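These notes are about the structure you will find just below.
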Amino acid sequence: MTERIVLAYSGGLDTSVAIGWIGEATGAEVIAVAVDVGQGGESLEDIRQRALGCGAVEAYVADARDEFANEYAMPTLKANALYQGHYPLVSAISRPVIVKHLVKAAREFGATTVAHGCTGKGNDQVRFEVGIQTLGPDLKCIAPVRDLALTRDKAILYAESHNLPIETTKKNPYSIDQNVWGRAVETGYLEDIWNAPTKDIYDYTATPEFPPAPDEVIISFAQGVPVAIDGVKVTPLQAIQELNRRAGAQGVGRIDVVEDRLVGIKSREIYEAPGAMALMTAHKHLEDITIEREQARFKATVGQRWAELVYDGQWFSPLKRSLDAFIEDTQQHVNGDIRMTMHGGQAIVNGRRSETSLYDFDLATYDTGDTFDQSQAKGFIELWGMSSKVASQRDQRVSGL
Ligand code: ARG
């Protein structure tokens with residue numbers, strides 16, 4: 001029986017050419033798998049037909065939008081996960097869900113190998129291959145762009161000489177990856193890190209210098225997950241989509257960073273994640289009133305570690321799973337409403353209410369009705385500073401001052 005290879009197919013030039021390229025290099029049959037994680041653009045049926053037109057023996061499309069929102073974006077929100085304090089892991093969380101569908105397709109179609117279109121310089125190759133190794137230890141991995149030296153020029157020549165049903169003239173100078181959680185743009189003009197991004201780079205966000213009137217929104221959460229917007233019930237996917245639209249119109253969620261890749265390179269990245277950043281802002285403010293101080297402090301370090309693991313391609317690792325259990329436990333009382341004004345590139349919280357709040361008006365107030373016993377403060381401070389005071393006395397004694 002001819003060997004079969006499942007290819008992660010985007011519909012773009014590289015992966016379209018990869019279908020025939022892999023076939024010629026290996027003699028295997030190629031099954032193209034496209035996964036819908038809310039990237040928008042062309043219809044998946046068009047993408048499927050193109051894969052067949054490029055020589056795939058089967059082309060399979062998976063609608064993973066709700067799965068992605070529920071099982072990948074929501075854990076990121078619950079973790080308030082921002083890699084290096086900036087990046088809400090847009091591409092990093094889409095790789096594991098794509099891997100799941102690739103491995104599933106490999107099983108269904110009897111493939112021995114999984115192929116992806118990543119280069120050898122980025123994080124995505126690591127995320128794909130670590131994921132595939134973990135979920136399908138018996139499967140082999142190949143990366144035609146990296147391992148079979150499929151350059152862009154060769155891809156264009158190949159597509160033209162084989163009359164592939166794909167556009168080769170449209171030259172996009174950027175490498176773009178997008179899904180419902182956000183959009184990543186890199187390379188080209190952006191590689192000079194002093195160059196400011198030009199307006200044409202953006203797609204999910206409007207330029208905030210010319211904002212429409214401020215947009216006030218109320219987001220309701222249950223156990224850390226958005227369940228309603230302005231009182232209208234939503235699924236996680238709908239919440240992200242609705243806020244992509246509304247926060248995006250206000251220019252919220254633009255990020256311009258130089259980040260540390262796992263492969264040791266620093267790289268310039270432009271991200272747009274209006275829905276993700278609006279949700280994360282609201283979620284964090286709700287946590288501020290519903291999570292106890294020590295748990296919240298520890299959760300911040302857990303969230304940071306979680307972001308690093310996910311960035312580094314360890315989505316399916318035991319440590320990530322354990323951290324998920326901790327984070328999930330912290331979300332039990334993260335219920336209530338956050339009111340937020342989105343305007344001029346910012347989302348600013350201006351109201352919060354929750355049945356499970358830890359905010360105690362009677363303890364906090366400086367007005368009459370104050371139940372906080374201020375006489376307890378003096379002794380507390382005495383003991384709180386005790387160990388530093390004792391150490392300082394020793395230091396002064398020893399240094400003879
Ligand atoms: N640097 C980001 C990450 O590693 C985004 C990668 C986007 N991928 C792409 N092929 N443009 O998560």
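Letters A, B, ... mark the chains of the structure tokens in the order given; residue numbers begin at 1 per chain; ligand numbers begin at 1, in order shown.
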So which residues touch A:Glu209 within 12 Å, counting only C-alpha atoms, skipping near sequence neighbours fewer than 6 positions away, as an MDAnalysis selection string?
chainID A and resid 199 249:252 343:346
Could you dump the residues just selected with N, CA and C atoms as a compact mmCIF listing (two decimals), in the first residue's frame?
```
# COMPACT_ATOMS: atom_id res chain seq x y z
N LYS A 199 -0.12 51.53 8.54
CA LYS A 199 -1.54 51.21 8.78
C LYS A 199 -1.99 49.95 8.07
N ALA A 249 -12.96 48.09 16.59
CA ALA A 249 -13.37 49.38 16.02
C ALA A 249 -12.77 50.54 16.82
N GLN A 250 -12.40 50.27 18.08
CA GLN A 250 -11.81 51.32 18.93
C GLN A 250 -10.29 51.22 18.97
N GLY A 251 -9.73 50.33 18.17
CA GLY A 251 -8.27 50.18 18.12
C GLY A 251 -7.67 49.53 19.35
N VAL A 252 -8.48 48.80 20.10
CA VAL A 252 -7.99 48.13 21.31
C VAL A 252 -7.24 46.85 20.92
N HIS A 343 -12.18 52.91 24.01
CA HIS A 343 -12.05 54.16 23.25
C HIS A 343 -10.58 54.48 23.03
N GLY A 344 -10.27 54.99 21.84
CA GLY A 344 -8.93 55.48 21.57
C GLY A 344 -7.83 54.46 21.86
N GLY A 345 -8.08 53.19 21.53
CA GLY A 345 -7.05 52.17 21.71
C GLY A 345 -6.98 51.59 23.11
N GLN A 346 -7.86 52.03 23.99
CA GLN A 346 -7.80 51.51 25.36
C GLN A 346 -9.15 50.93 25.79
```
Test item: residues no farther than 10 Å from ligand 1, counting only C-alpha atoms and all ligand atoms, as a PyMOL selection string:
chain A and resi 83+87-95+117-119+122-127+174-178+183-187+257-262+266-271+310-313
As a PyMOL selection string, please: every residue in stretch 133-252 of chain A that DSSP puts in strand (DSSP E).
chain A and resi 140-142+175-179+182-186+215-222+225-229+232-233
How would the residues just picked look written out with N, CA and C atoms as a PDB file, in the first residue's frame?
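Below you can see selection.pdb, which holds the result:
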```
ATOM      1  N   LYS A 140       5.514   9.911  12.149  1.00  0.00           N
ATOM      2  CA  LYS A 140       6.719  10.670  11.773  1.00  0.00           C
ATOM      3  C   LYS A 140       6.293  12.091  11.389  1.00  0.00           C
ATOM      4  N   CYS A 141       7.251  13.020  11.434  1.00  0.00           N
ATOM      5  CA  CYS A 141       6.964  14.409  11.060  1.00  0.00           C
ATOM      6  C   CYS A 141       7.873  14.841   9.937  1.00  0.00           C
ATOM      7  N   ILE A 142       7.337  15.546   8.960  1.00  0.00           N
ATOM      8  CA  ILE A 142       8.219  16.214   8.005  1.00  0.00           C
ATOM      9  C   ILE A 142       7.764  17.658   7.811  1.00  0.00           C
ATOM     10  N   SER A 175       4.716  37.722   7.034  1.00  0.00           N
ATOM     11  CA  SER A 175       4.249  36.396   7.424  1.00  0.00           C
ATOM     12  C   SER A 175       3.126  36.606   8.432  1.00  0.00           C
ATOM     13  N   ILE A 176       1.946  36.137   8.078  1.00  0.00           N
ATOM     14  CA  ILE A 176       0.764  36.427   8.898  1.00  0.00           C
ATOM     15  C   ILE A 176       0.127  35.120   9.371  1.00  0.00           C
ATOM     16  N   ASP A 177      -0.243  35.096  10.629  1.00  0.00           N
ATOM     17  CA  ASP A 177      -1.008  33.965  11.140  1.00  0.00           C
ATOM     18  C   ASP A 177      -2.181  34.537  11.919  1.00  0.00           C
ATOM     19  N   GLN A 178      -3.378  34.040  11.648  1.00  0.00           N
ATOM     20  CA  GLN A 178      -4.510  34.609  12.368  1.00  0.00           C
ATOM     21  C   GLN A 178      -5.564  33.577  12.706  1.00  0.00           C
ATOM     22  N   ASN A 179      -6.287  33.878  13.775  1.00  0.00           N
ATOM     23  CA  ASN A 179      -7.414  33.058  14.204  1.00  0.00           C
ATOM     24  C   ASN A 179      -8.336  33.968  15.007  1.00  0.00           C
ATOM     25  N   GLY A 182      -6.777  36.257  17.632  1.00  0.00           N
ATOM     26  CA  GLY A 182      -5.924  37.379  17.270  1.00  0.00           C
ATOM     27  C   GLY A 182      -5.165  37.139  15.982  1.00  0.00           C
ATOM     28  N   ARG A 183      -4.225  38.046  15.737  1.00  0.00           N
ATOM     29  CA  ARG A 183      -3.519  38.049  14.455  1.00  0.00           C
ATOM     30  C   ARG A 183      -2.070  38.404  14.718  1.00  0.00           C
ATOM     31  N   ALA A 184      -1.154  37.706  14.052  1.00  0.00           N
ATOM     32  CA  ALA A 184       0.280  37.942  14.227  1.00  0.00           C
ATOM     33  C   ALA A 184       0.868  38.314  12.881  1.00  0.00           C
ATOM     34  N   VAL A 185       1.676  39.373  12.858  1.00  0.00           N
ATOM     35  CA  VAL A 185       2.319  39.819  11.615  1.00  0.00           C
ATOM     36  C   VAL A 185       3.807  39.976  11.883  1.00  0.00           C
ATOM     37  N   GLU A 186       4.613  39.394  11.007  1.00  0.00           N
ATOM     38  CA  GLU A 186       6.063  39.529  11.192  1.00  0.00           C
ATOM     39  C   GLU A 186       6.769  39.570   9.843  1.00  0.00           C
ATOM     40  N   ASP A 215     -17.307  53.338  23.374  1.00  0.00           N
ATOM     41  CA  ASP A 215     -18.239  52.215  23.420  1.00  0.00           C
ATOM     42  C   ASP A 215     -18.186  51.608  24.825  1.00  0.00           C
ATOM     43  N   GLU A 216     -19.293  51.696  25.540  1.00  0.00           N
ATOM     44  CA  GLU A 216     -19.334  51.106  26.884  1.00  0.00           C
ATOM     45  C   GLU A 216     -19.972  49.723  26.806  1.00  0.00           C
ATOM     46  N   VAL A 217     -19.321  48.758  27.423  1.00  0.00           N
ATOM     47  CA  VAL A 217     -19.796  47.378  27.333  1.00  0.00           C
ATOM     48  C   VAL A 217     -19.854  46.777  28.734  1.00  0.00           C
ATOM     49  N   ILE A 218     -20.822  45.891  28.951  1.00  0.00           N
ATOM     50  CA  ILE A 218     -20.851  45.135  30.209  1.00  0.00           C
ATOM     51  C   ILE A 218     -20.640  43.661  29.863  1.00  0.00           C
ATOM     52  N   ILE A 219     -19.583  43.104  30.428  1.00  0.00           N
ATOM     53  CA  ILE A 219     -19.280  41.690  30.177  1.00  0.00           C
ATOM     54  C   ILE A 219     -19.571  40.913  31.457  1.00  0.00           C
ATOM     55  N   SER A 220     -20.409  39.879  31.328  1.00  0.00           N
ATOM     56  CA  SER A 220     -20.736  39.038  32.482  1.00  0.00           C
ATOM     57  C   SER A 220     -19.955  37.744  32.406  1.00  0.00           C
ATOM     58  N   PHE A 221     -19.394  37.354  33.544  1.00  0.00           N
ATOM     59  CA  PHE A 221     -18.584  36.135  33.604  1.00  0.00           C
ATOM     60  C   PHE A 221     -19.202  35.138  34.575  1.00  0.00           C
ATOM     61  N   ALA A 222     -19.032  33.855  34.278  1.00  0.00           N
ATOM     62  CA  ALA A 222     -19.337  32.789  35.243  1.00  0.00           C
ATOM     63  C   ALA A 222     -18.117  31.881  35.286  1.00  0.00           C
ATOM     64  N   VAL A 225     -15.372  32.676  32.759  1.00  0.00           N
ATOM     65  CA  VAL A 225     -15.657  32.598  31.319  1.00  0.00           C
ATOM     66  C   VAL A 225     -16.769  33.599  30.975  1.00  0.00           C
ATOM     67  N   PRO A 226     -16.639  34.346  29.871  1.00  0.00           N
ATOM     68  CA  PRO A 226     -17.710  35.289  29.507  1.00  0.00           C
ATOM     69  C   PRO A 226     -18.971  34.530  29.115  1.00  0.00           C
ATOM     70  N   VAL A 227     -20.102  34.960  29.690  1.00  0.00           N
ATOM     71  CA  VAL A 227     -21.374  34.285  29.386  1.00  0.00           C
ATOM     72  C   VAL A 227     -22.419  35.233  28.797  1.00  0.00           C
ATOM     73  N   ALA A 228     -22.203  36.547  28.967  1.00  0.00           N
ATOM     74  CA  ALA A 228     -23.143  37.502  28.364  1.00  0.00           C
ATOM     75  C   ALA A 228     -22.422  38.812  28.077  1.00  0.00           C
ATOM     76  N   ILE A 229     -22.883  39.482  27.025  1.00  0.00           N
ATOM     77  CA  ILE A 229     -22.388  40.822  26.690  1.00  0.00           C
ATOM     78  C   ILE A 229     -23.596  41.737  26.610  1.00  0.00           C
ATOM     79  N   VAL A 232     -26.885  40.028  26.826  1.00  0.00           N
ATOM     80  CA  VAL A 232     -27.253  39.020  25.822  1.00  0.00           C
ATOM     81  C   VAL A 232     -26.331  37.811  25.970  1.00  0.00           C
ATOM     82  N   LYS A 233     -26.931  36.646  26.147  1.00  0.00           N
ATOM     83  CA  LYS A 233     -26.135  35.430  26.348  1.00  0.00           C
ATOM     84  C   LYS A 233     -25.212  35.143  25.156  1.00  0.00           C
TER      85      LYS A 233
END
```
Pick out the closest residue to A:Arg4 from this set: A:Leu243, A:Ala62, A:Ile291, A:Ala56. Count only C-alpha atoms.
A:Ala56
In terms of only C-alpha atoms, the residue from A:Ile289, A:Ile132, A:Ala32, A:Ala273 at minimal distance from A:Gly351 is A:Ile289
Would you mind telling me which residue in A:Leu77, A:Ile47, A:Val33, A:Ala18 lies nearest to A:Gly303 when using only C-alpha atoms?
A:Leu77
Within 12 Å of A:Phe298, counting only C-alpha atoms, which residues show up once you throw out same-chain ones fewer than 3 positions away? Write them as an NGL selection string, please.
:A and (79 or 291-295 or 301-305 or 323 or 326-327 or 330)
Quick one: write out the picked residues with N, CA and C atoms as a PDB file, in the first residue's frame?
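The resulting result.pdb:
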```pdb
ATOM      1  N   ALA A  79      -6.034  32.086  32.663  1.00  0.00           N
ATOM      2  CA  ALA A  79      -4.649  32.232  33.144  1.00  0.00           C
ATOM      3  C   ALA A  79      -4.167  33.677  33.039  1.00  0.00           C
ATOM      4  N   ILE A 291     -10.936  37.050  43.933  1.00  0.00           N
ATOM      5  CA  ILE A 291      -9.902  36.096  44.353  1.00  0.00           C
ATOM      6  C   ILE A 291      -9.146  36.661  45.555  1.00  0.00           C
ATOM      7  N   GLU A 292      -8.940  35.837  46.525  1.00  0.00           N
ATOM      8  CA  GLU A 292      -8.256  36.229  47.770  1.00  0.00           C
ATOM      9  C   GLU A 292      -6.808  36.606  47.472  1.00  0.00           C
ATOM     10  N   ARG A 293      -6.270  37.532  48.247  1.00  0.00           N
ATOM     11  CA  ARG A 293      -4.974  38.135  47.936  1.00  0.00           C
ATOM     12  C   ARG A 293      -3.839  37.133  47.697  1.00  0.00           C
ATOM     13  N   GLU A 294      -3.627  36.202  48.613  1.00  0.00           N
ATOM     14  CA  GLU A 294      -2.480  35.293  48.468  1.00  0.00           C
ATOM     15  C   GLU A 294      -2.663  34.375  47.260  1.00  0.00           C
ATOM     16  N   GLN A 295      -3.896  33.932  47.052  1.00  0.00           N
ATOM     17  CA  GLN A 295      -4.192  33.075  45.901  1.00  0.00           C
ATOM     18  C   GLN A 295      -3.947  33.870  44.609  1.00  0.00           C
ATOM     19  N   THR A 301       2.026  34.260  39.232  1.00  0.00           N
ATOM     20  CA  THR A 301       3.255  33.553  38.837  1.00  0.00           C
ATOM     21  C   THR A 301       2.909  32.265  38.086  1.00  0.00           C
ATOM     22  N   VAL A 302       1.825  31.616  38.488  1.00  0.00           N
ATOM     23  CA  VAL A 302       1.396  30.404  37.770  1.00  0.00           C
ATOM     24  C   VAL A 302       1.015  30.758  36.329  1.00  0.00           C
ATOM     25  N   GLY A 303       0.309  31.870  36.182  1.00  0.00           N
ATOM     26  CA  GLY A 303      -0.129  32.298  34.844  1.00  0.00           C
ATOM     27  C   GLY A 303       1.062  32.599  33.940  1.00  0.00           C
ATOM     28  N   GLN A 304       2.083  33.175  34.531  1.00  0.00           N
ATOM     29  CA  GLN A 304       3.277  33.491  33.755  1.00  0.00           C
ATOM     30  C   GLN A 304       3.990  32.214  33.296  1.00  0.00           C
ATOM     31  N   ARG A 305       4.087  31.257  34.210  1.00  0.00           N
ATOM     32  CA  ARG A 305       4.722  29.969  33.872  1.00  0.00           C
ATOM     33  C   ARG A 305       3.897  29.238  32.820  1.00  0.00           C
ATOM     34  N   LEU A 323      -0.852  22.858  36.184  1.00  0.00           N
ATOM     35  CA  LEU A 323      -1.122  24.285  36.365  1.00  0.00           C
ATOM     36  C   LEU A 323      -2.569  24.600  35.982  1.00  0.00           C
ATOM     37  N   PHE A 326      -4.778  24.013  38.932  1.00  0.00           N
ATOM     38  CA  PHE A 326      -4.703  25.115  39.900  1.00  0.00           C
ATOM     39  C   PHE A 326      -5.527  26.310  39.417  1.00  0.00           C
ATOM     40  N   ILE A 327      -5.290  26.685  38.156  1.00  0.00           N
ATOM     41  CA  ILE A 327      -5.978  27.865  37.615  1.00  0.00           C
ATOM     42  C   ILE A 327      -7.492  27.645  37.635  1.00  0.00           C
ATOM     43  N   THR A 330      -9.004  28.296  40.928  1.00  0.00           N
ATOM     44  CA  THR A 330      -9.101  29.713  41.315  1.00  0.00           C
ATOM     45  C   THR A 330     -10.316  30.409  40.692  1.00  0.00           C
TER      46      THR A 330
END
```
Hey, can you check how far atom CA of A:Gly131 sits from atom CA of A:Ile19?
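Taking atom CA of A:Gly131 and atom CA of A:Ile19, their separation equals 21.6 Å.
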